[in-house]
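**Q** This structure is in structure tokens; I'll ask about it shortly.
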Amino acid sequence: MQSYDVIIIGGGIIGNCIAAHLANENLKILVINSTKLGNPASVAAAGLITPFQIHELVNTQLKELCLKSFEYFFNFHETLISKSNIPGLDLGLRQSGSLYTIFSNSEIAQKENEIKEFKSTGGKVSFLNKMELQKLEPSITKDLMGGDHYSDEAYINNPKFLKAILSYCQQQQIEYLDSEVSEIVLNKSSIEKILLPDGKSLLAEKYILCNGVWADSFLRKLFKRNESIIKAIKGEILEVQTNLETTLQKIVFCEDGYLVPRPRTNKFERSSILVGSTSDEVNIEENPDLFKNTLYGISKLTALFKKLIPAHNNYNIASMWSGLRPKTHDNLPVLGKTDINNLLLSLGHYRNGILMGPYCGKIISGLITGSEAELNLEPFSINRLLKQKSSVLV
Ligand SMILES: Cc1cc2nc3c(=O)[nH]c(=O)nc-3n(C[C@H](O)[C@H](O)[C@H](O)COP(=O)(O)OP(=O)(O)OC[C@H]3O[C@@H](n4cnc5c(N)ncnc54)[C@H](O)[C@@H]3O)c2cc1C
């Protein structure tokens, strides 16, 4: 039976960022990732690196995690680029700033309070009137009252980012296996082994579960729960082809969603705008058409584009897709060790997994290597989610 120091289950942004941080620790590491289960959230995401727009930031623990993640994101990206050995590698990271568009006086009043709160988190934000906004983004609707400008916020081409992390890990001799883990075998209070669909078993000193929305069935079995611990929130995205120089420079938010520029990063690509995103809870065990776009979703996103850029008829659709956000009931991720001795978790990053991926990778790898934690992980423990109702799986 093959054995490893660490087996990472799930190779989305979360699993790969952990692997990247463990790469130089002289450990035998295996990442098991199935490419057949559906579009990973890490590929489906819009690539927003926008910690000041997160509504759930009223939660102080989430705020601290998002702000630390934001700070660390740029360091991680720089290190990745410098270690890639690819001259001129462009992962589409742009610190363009974002605009929160305001359509009514009542929204202005409501936003004023939020701005005070955001300023206290150290974010740079200023109010722009209609004229100033039109100057910055001439294509945007004239129906606006104004907007808040968050100058630090950024976006990245997340599929490229994920690919670059994966390729770095492979260069560092991290092993990858394209397979589904079918079972995690528990023996008393430790994981004994994991099983693959072909009946093969694999062993490790430590196991890290980071397989997004698919983690729920494992968690329910391991922790003997009937209720879901990680829910799946489907999001659809529409990609509109455009020349960004003349259409959109900044990320634009409104209460119905957002537009994100996706610039070309080489001469073979075309630039586009991502329009996102819908948000609907789905049951992954019962819905065979989970990853299909729906008329409901695409008409909603088309209406959003039209609301923000009224000359909408001039644009072609480049693509559309969907993905599943992994969400806990309190919107906080699940991070760290568990009462199962050799099992660690990094799950439930909901809308912010791209932003949080690198920092969570650093935290989880630190727990493996024994370096001092820079964040109190107590609020992120799985135990908070197990406390609510104690129902034993029968
Ligand atoms: C439409 C949409 C827009 C989003 N926009 C943003 C954004 O702008 N900014 C942001 O920060 N976040 C965004 N997110 C959230 C972000 O994408 C997620 O939080 C993050 O990608 C979760 O990463 P993950 O690695 O946990 O999961 P995933 O990326 O889903 O990866 C899990 C992987 O595990 C594999 N797997 C599952 N089960 C098994 C198994 N049993 N055995 C082996 N492999 C398995 C899957 O095949 C998959 O490859 C968005 C999400 C969606 C859906």
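As shown in the structure tokens, the chain order sets the letters A, B, ...; within each chain, residues go from 1, and ligands are also counted from 1 in the order they appear.
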Step by step, measure atom-to-atom distances between ligand 1 and each residue using only C-alpha atoms and all ligand atoms, keep those at most 7 Å, then write them as an MDAnalysis selection string.

**A** chainID A and resid 9:15 32:38 40:49 179:182 210:215 234:237 276:277 322:326 347:356

**Q** For the strand (DSSP E or B) assignment from backbone DSSP, which residues of region 147-366 of chain A qualify? Please present them as a PyMOL selection string.

**A** chain A and resi 147-150+154-155+175-177+183-187+190-195+201-209+231-241+251-254+257-262+272-276+280-282+316-327+334-337+343-347

**Q** Compare A:Asp152, A:Asp178, A:Glu239, A:Glu107 by their minimum atom-to-atom distance to Tyr315 (chain A), counting only C-alpha atoms, and give me the closest one.

**A**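 Closest residue, counting only C-alpha atoms: A:Glu239.
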
**Q** Measuring atom to atom with only C-alpha atoms, identify which of A:Lys206, A:Lys163, A:His21, A:Lys224 is nearest to Phe76 (chain A).

**A**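 Among the listed residues, A:His21 lies closest to Phe76 (chain A).
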
**Q** With only C-alpha atoms as the basis for distance, which of A:Pro358, A:Glu255, A:Lys300, A:Ile382 is at the shortest distance from Arg220 (chain A)?

**A**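 When distances to Arg220 (chain A) are compared using only C-alpha atoms, the smallest one comes from A:Ile382.
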
**Q** Taking only residues of region 47-149 of chain A that have an atom at most 10 Å from an atom of region 328-343 of chain A, what is each one's shortest atom pair and its distance in Å to one decimal, using only C-alpha atoms, in chain and number order, as a tab-separated table?

**A**
residue	atom	partner	partner_atom	distance
A:Glu56	CA	A:Asn331	CA	7.5
A:Asn59	CA	A:Leu332	CA	8.8
A:Gln61	CA	A:Leu332	CA	8.1
A:Leu62	CA	A:Leu332	CA	6.4
A:Leu65	CA	A:Leu332	CA	9.5

**Q** Which residues come within 10 Å of region 85-89 of chain A, counting only C-alpha atoms, excluding same-chain residues fewer than 4 positions away, as a PyMOL selection string?

**A** chain A and resi 80-81+164+168+265-266

**Q** With N, CA and C atoms retained, write the just-selected residues as a PDB file, in the first residue's frame.

**A**
ATOM      1  N   LEU A  80       4.861  33.584  -6.810  1.00  0.00           N
ATOM      2  CA  LEU A  80       4.485  32.594  -7.835  1.00  0.00           C
ATOM      3  C   LEU A  80       5.050  33.000  -9.197  1.00  0.00           C
ATOM      4  N   ILE A  81       4.889  34.283  -9.532  1.00  0.00           N
ATOM      5  CA  ILE A  81       5.382  34.768 -10.824  1.00  0.00           C
ATOM      6  C   ILE A  81       6.902  34.618 -10.874  1.00  0.00           C
ATOM      7  N   ALA A 164      -1.289  28.113 -12.751  1.00  0.00           N
ATOM      8  CA  ALA A 164       0.091  28.480 -12.403  1.00  0.00           C
ATOM      9  C   ALA A 164       0.495  27.859 -11.060  1.00  0.00           C
ATOM     10  N   TYR A 168       3.447  25.098 -10.563  1.00  0.00           N
ATOM     11  CA  TYR A 168       4.521  25.295  -9.570  1.00  0.00           C
ATOM     12  C   TYR A 168       4.647  24.055  -8.674  1.00  0.00           C
ATOM     13  N   THR A 265      -4.440  38.342 -21.686  1.00  0.00           N
ATOM     14  CA  THR A 265      -3.127  38.264 -21.036  1.00  0.00           C
ATOM     15  C   THR A 265      -2.064  37.795 -22.028  1.00  0.00           C
ATOM     16  N   ASN A 266      -2.499  37.522 -23.263  1.00  0.00           N
ATOM     17  CA  ASN A 266      -1.542  37.258 -24.340  1.00  0.00           C
ATOM     18  C   ASN A 266      -2.245  37.545 -25.665  1.00  0.00           C
TER      19      ASN A 266
END

**Q** Measuring between only C-alpha atoms, which one of A:Ile309, A:Ile8, A:Asp216, A:Pro379 shows the shortest distance to Leu177 (chain A)?

**A**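 Answer, going by the shortest atom-to-atom distance: A:Ile8.
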
**Q** Which residues are near region 94-97 of chain A? Cut-off 6 Å, only C-alpha atoms, ignore same chain within fewer than 6 positions. Put them as a list of chain:residue names.

**A**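 Listing them by chain and then by number gives A:Tyr150, A:Ser151, A:Asp152, A:Glu153, A:Ala154, A:Tyr155, A:Lys250.
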
**Q** Report, in Å to a single decimal, how far apart CA of Ile156 (chain A) and CA of Arg262 (chain A) are.

**A**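 According to the coordinates, CA of Arg262 (chain A) and CA of Ile156 (chain A) are separated by 7.9 Å.
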